[in-house]
Amino acid sequence: MSVHTIELTVNSRRLAASVDARKSLADFLREDGGYTGVHVGCEHGVCGACTVIVDGRAVRGCLMLAVQADRAEVTTAEGLAAADGTLHPVQQAMREEHALQCGFCTPGVVMTLAALTARDGGAPEAELLAALSGHVCRCTGYQGIRRAARRLASDAGAA
């Protein structure tokens, strides 16, 4: 077993630790960082519950090793809302469209949509809806989530 020292920035906070080379980023964020909004579901990259943003891109935390995130900028669901509690536009859209039930898949869905809408000009509706295919939700039937994605696309188009 090899141990490596890593340093990354998570939600604008520096985090340094020694980690086993085989530890996933999702497990590192939850266990070492206390970011329990990173949910671990299938551990095969299929369900999307562990999605976080690494250097501006949505990635599956269960498929990325913590050592691969050394010196990276990581955002979890806990880091999206403003310091004053104002929700991120994706969080607000999900709330307004009643796009969650149990909440297990929600952080991953939010992170995927946040990464896509953060680009200049946002993302077209078709791309947002297609990105949802990478997430498994057993509670909502996806309709509220799809409405939230459509709202985000139309809000970006109006801006």
# chains A, B, ... in the order shown; residues from 1 in each chain; ligands from 1
call {"tool": "residues_around", "arguments": {"residues": "Ala17 (chain A)", "least_positions_apart": "3", "cutoff": "9 Å", "atoms": "only C-alpha atoms", "output": "list in words"}}
result
His4, Thr5, Ile6, Glu7 and Asp32 of chain A
call {"tool": "write_last_selection", "arguments": {"atoms": "N, CA and C atoms", "output": "PDB file, in the first residue's frame"}}
result
ATOM      1  N   HIS A   4       0.268   8.772  -0.288  1.00  0.00           N
ATOM      2  CA  HIS A   4       0.725   9.990  -0.947  1.00  0.00           C
ATOM      3  C   HIS A   4       0.140  11.210  -0.244  1.00  0.00           C
ATOM      4  N   THR A   5       0.906  12.283  -0.208  1.00  0.00           N
ATOM      5  CA  THR A   5       0.414  13.534   0.347  1.00  0.00           C
ATOM      6  C   THR A   5      -0.171  14.341  -0.799  1.00  0.00           C
ATOM      7  N   ILE A   6      -1.407  14.779  -0.612  1.00  0.00           N
ATOM      8  CA  ILE A   6      -2.069  15.590  -1.633  1.00  0.00           C
ATOM      9  C   ILE A   6      -2.567  16.875  -1.004  1.00  0.00           C
ATOM     10  N   GLU A   7      -2.749  17.856  -1.867  1.00  0.00           N
ATOM     11  CA  GLU A   7      -3.299  19.143  -1.445  1.00  0.00           C
ATOM     12  C   GLU A   7      -4.236  19.609  -2.545  1.00  0.00           C
ATOM     13  N   ASP A  32     -12.394  12.149   4.641  1.00  0.00           N
ATOM     14  CA  ASP A  32     -11.323  13.028   5.098  1.00  0.00           C
ATOM     15  C   ASP A  32     -11.737  14.492   5.108  1.00  0.00           C
TER      16      ASP A  32
END
call {"tool": "residues_around", "arguments": {"residues": "region 117-126 of chain A", "least_positions_apart": "6", "cutoff": "8 Å", "atoms": "only C-alpha atoms", "output": "VMD selection string"}}
result
chain A and resid 149 to 150 152 to 154 156 to 157
call {"tool": "closest_residue", "arguments": {"among": "A:Val38, A:Cys62, A:Cys102, A:Val10", "to": "Ala77 (chain A)", "atoms": "only C-alpha atoms"}}
result
A:Val38
call {"tool": "residues_around", "arguments": {"residues": "Gly103 (chain A)", "least_positions_apart": "2", "cutoff": "12 Å", "atoms": "only C-alpha atoms", "output": "PyMOL selection string"}}
result
chain A and resi 37-39+49+77+94-95+98-101+105-110+136-140+145
call {"tool": "write_last_selection", "arguments": {"atoms": "N, CA and C atoms", "output": "mmCIF file, in the first residue's frame"}}
result
data_model
loop_
_atom_site.group_PDB
_atom_site.id
_atom_site.type_symbol
_atom_site.label_atom_id
_atom_site.label_comp_id
_atom_site.auth_asym_id
_atom_site.auth_seq_id
_atom_site.Cartn_x
_atom_site.Cartn_y
_atom_site.Cartn_z
ATOM 1 N N GLY A 37 -22.240 15.585 1.158
ATOM 2 C CA GLY A 37 -23.112 15.783 0.003
ATOM 3 C C GLY A 37 -22.645 14.968 -1.192
ATOM 4 N N VAL A 38 -21.441 14.450 -1.124
ATOM 5 C CA VAL A 38 -20.926 13.557 -2.163
ATOM 6 C C VAL A 38 -21.446 12.168 -1.804
ATOM 7 N N HIS A 39 -22.418 11.704 -2.547
ATOM 8 C CA HIS A 39 -23.029 10.408 -2.243
ATOM 9 C C HIS A 39 -22.364 9.307 -3.057
ATOM 10 N N ALA A 49 -24.345 9.645 -8.574
ATOM 11 C CA ALA A 49 -24.561 10.273 -7.265
ATOM 12 C C ALA A 49 -23.309 10.943 -6.714
ATOM 13 N N ALA A 77 -21.478 19.818 -3.794
ATOM 14 C CA ALA A 77 -22.792 20.453 -3.644
ATOM 15 C C ALA A 77 -22.795 21.452 -2.491
ATOM 16 N N MET A 94 -34.030 23.453 -9.301
ATOM 17 C CA MET A 94 -34.443 22.149 -8.780
ATOM 18 C C MET A 94 -35.516 22.328 -7.710
ATOM 19 N N ARG A 95 -35.352 23.328 -6.878
ATOM 20 C CA ARG A 95 -36.332 23.585 -5.828
ATOM 21 C C ARG A 95 -37.673 24.001 -6.418
ATOM 22 N N HIS A 98 -39.641 21.212 -8.064
ATOM 23 C CA HIS A 98 -39.887 20.031 -7.217
ATOM 24 C C HIS A 98 -39.153 18.809 -7.774
ATOM 25 N N ALA A 99 -37.857 19.000 -8.020
ATOM 26 C CA ALA A 99 -37.054 17.996 -8.723
ATOM 27 C C ALA A 99 -36.308 17.054 -7.789
ATOM 28 N N LEU A 100 -36.808 16.848 -6.601
ATOM 29 C CA LEU A 100 -36.160 15.891 -5.727
ATOM 30 C C LEU A 100 -37.188 15.236 -4.821
ATOM 31 N N GLN A 101 -36.863 14.062 -4.396
ATOM 32 C CA GLN A 101 -37.677 13.373 -3.398
ATOM 33 C C GLN A 101 -36.760 12.919 -2.280
ATOM 34 N N CYS A 105 -29.825 11.186 -5.224
ATOM 35 C CA CYS A 105 -29.207 11.498 -6.512
ATOM 36 C C CYS A 105 -29.008 12.997 -6.714
ATOM 37 N N THR A 106 -29.712 13.803 -5.932
ATOM 38 C CA THR A 106 -29.776 15.243 -6.172
ATOM 39 C C THR A 106 -28.420 15.938 -6.249
ATOM 40 N N PRO A 107 -27.491 15.723 -5.307
ATOM 41 C CA PRO A 107 -26.208 16.438 -5.425
ATOM 42 C C PRO A 107 -25.479 16.154 -6.733
ATOM 43 N N GLY A 108 -25.498 14.917 -7.187
ATOM 44 C CA GLY A 108 -24.835 14.579 -8.446
ATOM 45 C C GLY A 108 -25.482 15.244 -9.636
ATOM 46 N N VAL A 109 -26.809 15.241 -9.677
ATOM 47 C CA VAL A 109 -27.542 15.908 -10.759
ATOM 48 C C VAL A 109 -27.217 17.398 -10.746
ATOM 49 N N VAL A 110 -27.264 17.993 -9.573
ATOM 50 C CA VAL A 110 -26.988 19.425 -9.441
ATOM 51 C C VAL A 110 -25.582 19.754 -9.930
ATOM 52 N N VAL A 136 -28.980 8.135 -12.222
ATOM 53 C CA VAL A 136 -30.064 7.232 -11.875
ATOM 54 C C VAL A 136 -30.834 7.830 -10.704
ATOM 55 N N CYS A 137 -32.137 7.994 -10.908
ATOM 56 C CA CYS A 137 -33.029 8.468 -9.854
ATOM 57 C C CYS A 137 -34.160 7.459 -9.749
ATOM 58 N N ARG A 138 -34.362 6.928 -8.569
ATOM 59 C CA ARG A 138 -35.400 5.916 -8.392
ATOM 60 C C ARG A 138 -36.691 6.489 -7.826
ATOM 61 N N CYS A 139 -36.716 7.778 -7.503
ATOM 62 C CA CYS A 139 -37.876 8.336 -6.809
ATOM 63 C C CYS A 139 -38.738 9.274 -7.648
ATOM 64 N N THR A 140 -38.122 10.123 -8.461
ATOM 65 C CA THR A 140 -38.874 11.245 -9.031
ATOM 66 C C THR A 140 -39.546 10.962 -10.351
ATOM 67 N N ILE A 145 -36.873 16.971 -12.614
ATOM 68 C CA ILE A 145 -35.470 17.209 -12.963
ATOM 69 C C ILE A 145 -35.385 17.732 -14.396
#
call {"tool": "select_by_dssp", "arguments": {"residues": "region 40-110 of chain A", "states": "strand (DSSP E)", "output": "tab-separated table (two decimals) with N, CA and C atoms, in the first residue's frame"}}
result
chain	number	residue	atom	x	y	z
A	51	THR	N	-21.05	12.69	-8.37
A	51	THR	CA	-20.52	13.70	-9.28
A	51	THR	C	-20.10	14.97	-8.53
A	52	VAL	N	-18.89	15.42	-8.82
A	52	VAL	CA	-18.35	16.68	-8.29
A	52	VAL	C	-17.72	17.43	-9.47
A	53	ILE	N	-17.39	18.68	-9.25
A	53	ILE	CA	-16.74	19.46	-10.29
A	53	ILE	C	-15.26	19.56	-9.95
A	54	VAL	N	-14.41	19.12	-10.86
A	54	VAL	CA	-12.96	19.17	-10.70
A	54	VAL	C	-12.40	20.04	-11.83
A	57	ARG	N	-14.91	20.77	-14.57
A	57	ARG	CA	-15.58	19.67	-15.28
A	57	ARG	C	-16.27	18.73	-14.31
A	58	ALA	N	-17.46	18.28	-14.66
A	58	ALA	CA	-18.17	17.30	-13.84
A	58	ALA	C	-17.49	15.95	-14.00
A	59	VAL	N	-17.14	15.34	-12.87
A	59	VAL	CA	-16.50	14.02	-12.88
A	59	VAL	C	-17.16	13.12	-11.85
A	60	ARG	N	-17.06	11.84	-12.06
A	60	ARG	CA	-17.55	10.86	-11.10
A	60	ARG	C	-16.48	10.67	-10.03
A	73	GLU	N	-8.89	22.12	-8.15
A	73	GLU	CA	-9.97	22.91	-7.56
A	73	GLU	C	-11.22	22.05	-7.65
A	74	VAL	N	-11.79	21.69	-6.49
A	74	VAL	CA	-12.94	20.80	-6.44
A	74	VAL	C	-14.13	21.54	-5.84
A	75	THR	N	-15.29	21.35	-6.45
A	75	THR	CA	-16.51	21.91	-5.90
A	75	THR	C	-17.48	20.77	-5.66
call {"tool": "select_by_dssp", "arguments": {"residues": "region 18-147 of chain A", "states": "alpha helix (DSSP H)", "output": "mmCIF file with C-alpha atoms, in the first residue's frame"}}
result
data_model
loop_
_atom_site.group_PDB
_atom_site.id
_atom_site.type_symbol
_atom_site.label_atom_id
_atom_site.label_comp_id
_atom_site.auth_asym_id
_atom_site.auth_seq_id
_atom_site.Cartn_x
_atom_site.Cartn_y
_atom_site.Cartn_z
ATOM 1 C CA LEU A 25 -11.961 11.032 -4.607
ATOM 2 C CA ALA A 26 -15.535 10.437 -3.400
ATOM 3 C CA ASP A 27 -14.365 8.511 -0.348
ATOM 4 C CA PRO A 89 -29.343 28.882 -9.973
ATOM 5 C CA VAL A 90 -29.314 25.100 -10.439
ATOM 6 C CA GLN A 91 -30.344 24.529 -6.831
ATOM 7 C CA GLN A 92 -33.071 27.159 -7.203
ATOM 8 C CA ALA A 93 -34.396 25.590 -10.400
ATOM 9 C CA MET A 94 -34.443 22.149 -8.780
ATOM 10 C CA ARG A 95 -36.332 23.585 -5.828
ATOM 11 C CA GLU A 96 -38.873 25.479 -7.921
ATOM 12 C CA THR A 106 -29.776 15.243 -6.172
ATOM 13 C CA PRO A 107 -26.208 16.438 -5.425
ATOM 14 C CA GLY A 108 -24.835 14.579 -8.446
ATOM 15 C CA VAL A 109 -27.542 15.908 -10.759
ATOM 16 C CA VAL A 110 -26.988 19.425 -9.441
ATOM 17 C CA MET A 111 -23.224 19.212 -9.977
ATOM 18 C CA THR A 112 -23.605 17.990 -13.557
ATOM 19 C CA LEU A 113 -26.051 20.780 -14.412
ATOM 20 C CA ALA A 114 -23.907 23.357 -12.586
ATOM 21 C CA ALA A 115 -20.806 22.407 -14.574
ATOM 22 C CA LEU A 116 -22.669 22.656 -17.881
ATOM 23 C CA THR A 117 -24.445 25.923 -17.093
ATOM 24 C CA GLU A 125 -31.598 22.303 -23.489
ATOM 25 C CA ALA A 126 -30.748 19.200 -25.494
ATOM 26 C CA GLU A 127 -27.301 18.980 -23.904
ATOM 27 C CA LEU A 128 -28.672 19.437 -20.384
ATOM 28 C CA LEU A 129 -31.337 16.795 -20.940
ATOM 29 C CA ALA A 130 -28.809 14.387 -22.461
ATOM 30 C CA ALA A 131 -26.503 14.862 -19.467
ATOM 31 C CA GLN A 143 -40.038 14.925 -14.760
ATOM 32 C CA GLY A 144 -39.168 17.604 -12.201
ATOM 33 C CA ILE A 145 -35.470 17.209 -12.963
ATOM 34 C CA ARG A 146 -36.163 17.604 -16.694
ATOM 35 C CA ARG A 147 -38.279 20.717 -16.018
#
call {"tool": "atom_distance", "arguments": {"atom1": "CA of Ser133 (chain A)", "atom2": "CA of Asn11 (chain A)"}}
result
26.2 Å
call {"tool": "decode", "arguments": {"residues": "region 112-150 of chain A", "atoms": "N, CA and C atoms", "output": "PDB file, in the first residue's frame"}}
result
ATOM      1  N   THR A 112     -23.689  18.119 -12.100  1.00  0.00           N
ATOM      2  CA  THR A 112     -23.605  17.990 -13.557  1.00  0.00           C
ATOM      3  C   THR A 112     -24.203  19.218 -14.235  1.00  0.00           C
ATOM      4  N   LEU A 113     -25.398  19.612 -13.808  1.00  0.00           N
ATOM      5  CA  LEU A 113     -26.051  20.780 -14.412  1.00  0.00           C
ATOM      6  C   LEU A 113     -25.268  22.058 -14.122  1.00  0.00           C
ATOM      7  N   ALA A 114     -24.693  22.166 -12.933  1.00  0.00           N
ATOM      8  CA  ALA A 114     -23.907  23.357 -12.586  1.00  0.00           C
ATOM      9  C   ALA A 114     -22.670  23.478 -13.471  1.00  0.00           C
ATOM     10  N   ALA A 115     -21.999  22.361 -13.721  1.00  0.00           N
ATOM     11  CA  ALA A 115     -20.806  22.407 -14.574  1.00  0.00           C
ATOM     12  C   ALA A 115     -21.168  22.832 -15.992  1.00  0.00           C
ATOM     13  N   LEU A 116     -22.270  22.321 -16.509  1.00  0.00           N
ATOM     14  CA  LEU A 116     -22.669  22.656 -17.881  1.00  0.00           C
ATOM     15  C   LEU A 116     -23.159  24.097 -17.998  1.00  0.00           C
ATOM     16  N   THR A 117     -23.906  24.561 -17.012  1.00  0.00           N
ATOM     17  CA  THR A 117     -24.445  25.923 -17.093  1.00  0.00           C
ATOM     18  C   THR A 117     -23.410  26.984 -16.740  1.00  0.00           C
ATOM     19  N   ALA A 118     -22.274  26.593 -16.181  1.00  0.00           N
ATOM     20  CA  ALA A 118     -21.227  27.552 -15.828  1.00  0.00           C
ATOM     21  C   ALA A 118     -20.455  28.045 -17.045  1.00  0.00           C
ATOM     22  N   ARG A 119     -20.554  27.328 -18.141  1.00  0.00           N
ATOM     23  CA  ARG A 119     -19.842  27.738 -19.356  1.00  0.00           C
ATOM     24  C   ARG A 119     -20.421  29.039 -19.893  1.00  0.00           C
ATOM     25  N   ASP A 120     -19.624  29.779 -20.612  1.00  0.00           N
ATOM     26  CA  ASP A 120     -20.114  31.005 -21.241  1.00  0.00           C
ATOM     27  C   ASP A 120     -21.315  30.684 -22.110  1.00  0.00           C
ATOM     28  N   GLY A 121     -22.423  31.356 -21.869  1.00  0.00           N
ATOM     29  CA  GLY A 121     -23.625  31.128 -22.646  1.00  0.00           C
ATOM     30  C   GLY A 121     -24.442  29.948 -22.167  1.00  0.00           C
ATOM     31  N   GLY A 122     -23.972  29.272 -21.108  1.00  0.00           N
ATOM     32  CA  GLY A 122     -24.716  28.126 -20.578  1.00  0.00           C
ATOM     33  C   GLY A 122     -24.638  26.939 -21.503  1.00  0.00           C
ATOM     34  N   ALA A 123     -25.683  26.146 -21.471  1.00  0.00           N
ATOM     35  CA  ALA A 123     -25.743  24.939 -22.309  1.00  0.00           C
ATOM     36  C   ALA A 123     -27.136  24.840 -22.900  1.00  0.00           C
ATOM     37  N   PRO A 124     -27.239  24.357 -24.126  1.00  0.00           N
ATOM     38  CA  PRO A 124     -28.559  24.203 -24.732  1.00  0.00           C
ATOM     39  C   PRO A 124     -29.381  23.124 -24.021  1.00  0.00           C
ATOM     40  N   GLU A 125     -30.685  23.244 -24.142  1.00  0.00           N
ATOM     41  CA  GLU A 125     -31.598  22.303 -23.489  1.00  0.00           C
ATOM     42  C   GLU A 125     -31.273  20.860 -23.826  1.00  0.00           C
ATOM     43  N   ALA A 126     -31.024  20.583 -25.081  1.00  0.00           N
ATOM     44  CA  ALA A 126     -30.748  19.200 -25.494  1.00  0.00           C
ATOM     45  C   ALA A 126     -29.527  18.637 -24.771  1.00  0.00           C
ATOM     46  N   GLU A 127     -28.504  19.455 -24.590  1.00  0.00           N
ATOM     47  CA  GLU A 127     -27.301  18.980 -23.904  1.00  0.00           C
ATOM     48  C   GLU A 127     -27.579  18.728 -22.421  1.00  0.00           C
ATOM     49  N   LEU A 128     -28.332  19.620 -21.794  1.00  0.00           N
ATOM     50  CA  LEU A 128     -28.672  19.437 -20.384  1.00  0.00           C
ATOM     51  C   LEU A 128     -29.505  18.170 -20.188  1.00  0.00           C
ATOM     52  N   LEU A 129     -30.491  17.983 -21.047  1.00  0.00           N
ATOM     53  CA  LEU A 129     -31.337  16.795 -20.940  1.00  0.00           C
ATOM     54  C   LEU A 129     -30.543  15.523 -21.202  1.00  0.00           C
ATOM     55  N   ALA A 130     -29.642  15.558 -22.171  1.00  0.00           N
ATOM     56  CA  ALA A 130     -28.809  14.387 -22.461  1.00  0.00           C
ATOM     57  C   ALA A 130     -27.890  14.061 -21.283  1.00  0.00           C
ATOM     58  N   ALA A 131     -27.393  15.082 -20.613  1.00  0.00           N
ATOM     59  CA  ALA A 131     -26.503  14.862 -19.467  1.00  0.00           C
ATOM     60  C   ALA A 131     -27.218  14.152 -18.331  1.00  0.00           C
ATOM     61  N   LEU A 132     -28.515  14.330 -18.244  1.00  0.00           N
ATOM     62  CA  LEU A 132     -29.284  13.662 -17.189  1.00  0.00           C
ATOM     63  C   LEU A 132     -29.307  12.150 -17.363  1.00  0.00           C
ATOM     64  N   SER A 133     -29.033  11.673 -18.564  1.00  0.00           N
ATOM     65  CA  SER A 133     -29.037  10.221 -18.795  1.00  0.00           C
ATOM     66  C   SER A 133     -27.919   9.530 -18.016  1.00  0.00           C
ATOM     67  N   GLY A 134     -26.977  10.293 -17.531  1.00  0.00           N
ATOM     68  CA  GLY A 134     -25.891   9.738 -16.732  1.00  0.00           C
ATOM     69  C   GLY A 134     -26.205   9.674 -15.253  1.00  0.00           C
ATOM     70  N   HIS A 135     -27.473   9.863 -14.895  1.00  0.00           N
ATOM     71  CA  HIS A 135     -27.874   9.842 -13.485  1.00  0.00           C
ATOM     72  C   HIS A 135     -29.054   8.920 -13.284  1.00  0.00           C
ATOM     73  N   VAL A 136     -28.980   8.135 -12.222  1.00  0.00           N
ATOM     74  CA  VAL A 136     -30.064   7.232 -11.875  1.00  0.00           C
ATOM     75  C   VAL A 136     -30.834   7.830 -10.704  1.00  0.00           C
ATOM     76  N   CYS A 137     -32.137   7.994 -10.908  1.00  0.00           N
ATOM     77  CA  CYS A 137     -33.029   8.468  -9.854  1.00  0.00           C
ATOM     78  C   CYS A 137     -34.160   7.459  -9.749  1.00  0.00           C
ATOM     79  N   ARG A 138     -34.362   6.928  -8.569  1.00  0.00           N
ATOM     80  CA  ARG A 138     -35.400   5.916  -8.392  1.00  0.00           C
ATOM     81  C   ARG A 138     -36.691   6.489  -7.826  1.00  0.00           C
ATOM     82  N   CYS A 139     -36.716   7.778  -7.503  1.00  0.00           N
ATOM     83  CA  CYS A 139     -37.876   8.336  -6.809  1.00  0.00           C
ATOM     84  C   CYS A 139     -38.738   9.274  -7.648  1.00  0.00           C
ATOM     85  N   THR A 140     -38.122  10.123  -8.461  1.00  0.00           N
ATOM     86  CA  THR A 140     -38.874  11.245  -9.031  1.00  0.00           C
ATOM     87  C   THR A 140     -39.546  10.962 -10.351  1.00  0.00           C
ATOM     88  N   GLY A 141     -39.121   9.970 -11.080  1.00  0.00           N
ATOM     89  CA  GLY A 141     -39.638   9.786 -12.433  1.00  0.00           C
ATOM     90  C   GLY A 141     -39.035  10.803 -13.394  1.00  0.00           C
ATOM     91  N   TYR A 142     -38.079  11.571 -12.949  1.00  0.00           N
ATOM     92  CA  TYR A 142     -37.274  12.502 -13.749  1.00  0.00           C
ATOM     93  C   TYR A 142     -38.018  13.747 -14.248  1.00  0.00           C
ATOM     94  N   GLN A 143     -39.324  13.804 -14.142  1.00  0.00           N
ATOM     95  CA  GLN A 143     -40.038  14.925 -14.760  1.00  0.00           C
ATOM     96  C   GLN A 143     -39.655  16.270 -14.152  1.00  0.00           C
ATOM     97  N   GLY A 144     -39.577  16.355 -12.841  1.00  0.00           N
ATOM     98  CA  GLY A 144     -39.168  17.604 -12.201  1.00  0.00           C
ATOM     99  C   GLY A 144     -37.735  17.974 -12.539  1.00  0.00           C
ATOM    100  N   ILE A 145     -36.873  16.971 -12.614  1.00  0.00           N
ATOM    101  CA  ILE A 145     -35.470  17.209 -12.963  1.00  0.00           C
ATOM    102  C   ILE A 145     -35.385  17.732 -14.396  1.00  0.00           C
ATOM    103  N   ARG A 146     -36.150  17.149 -15.292  1.00  0.00           N
ATOM    104  CA  ARG A 146     -36.163  17.604 -16.694  1.00  0.00           C
ATOM    105  C   ARG A 146     -36.715  19.033 -16.795  1.00  0.00           C
ATOM    106  N   ARG A 147     -37.742  19.348 -16.013  1.00  0.00           N
ATOM    107  CA  ARG A 147     -38.279  20.717 -16.018  1.00  0.00           C
ATOM    108  C   ARG A 147     -37.235  21.704 -15.512  1.00  0.00           C
ATOM    109  N   ALA A 148     -36.476  21.314 -14.498  1.00  0.00           N
ATOM    110  CA  ALA A 148     -35.419  22.182 -13.976  1.00  0.00           C
ATOM    111  C   ALA A 148     -34.355  22.426 -15.048  1.00  0.00           C
ATOM    112  N   ALA A 149     -33.978  21.384 -15.776  1.00  0.00           N
ATOM    113  CA  ALA A 149     -32.988  21.538 -16.853  1.00  0.00           C
ATOM    114  C   ALA A 149     -33.526  22.471 -17.935  1.00  0.00           C
ATOM    115  N   ARG A 150     -34.789  22.305 -18.289  1.00  0.00           N
ATOM    116  CA  ARG A 150     -35.392  23.184 -19.304  1.00  0.00           C
ATOM    117  C   ARG A 150     -35.413  24.630 -18.817  1.00  0.00           C
TER     118      ARG A 150
END
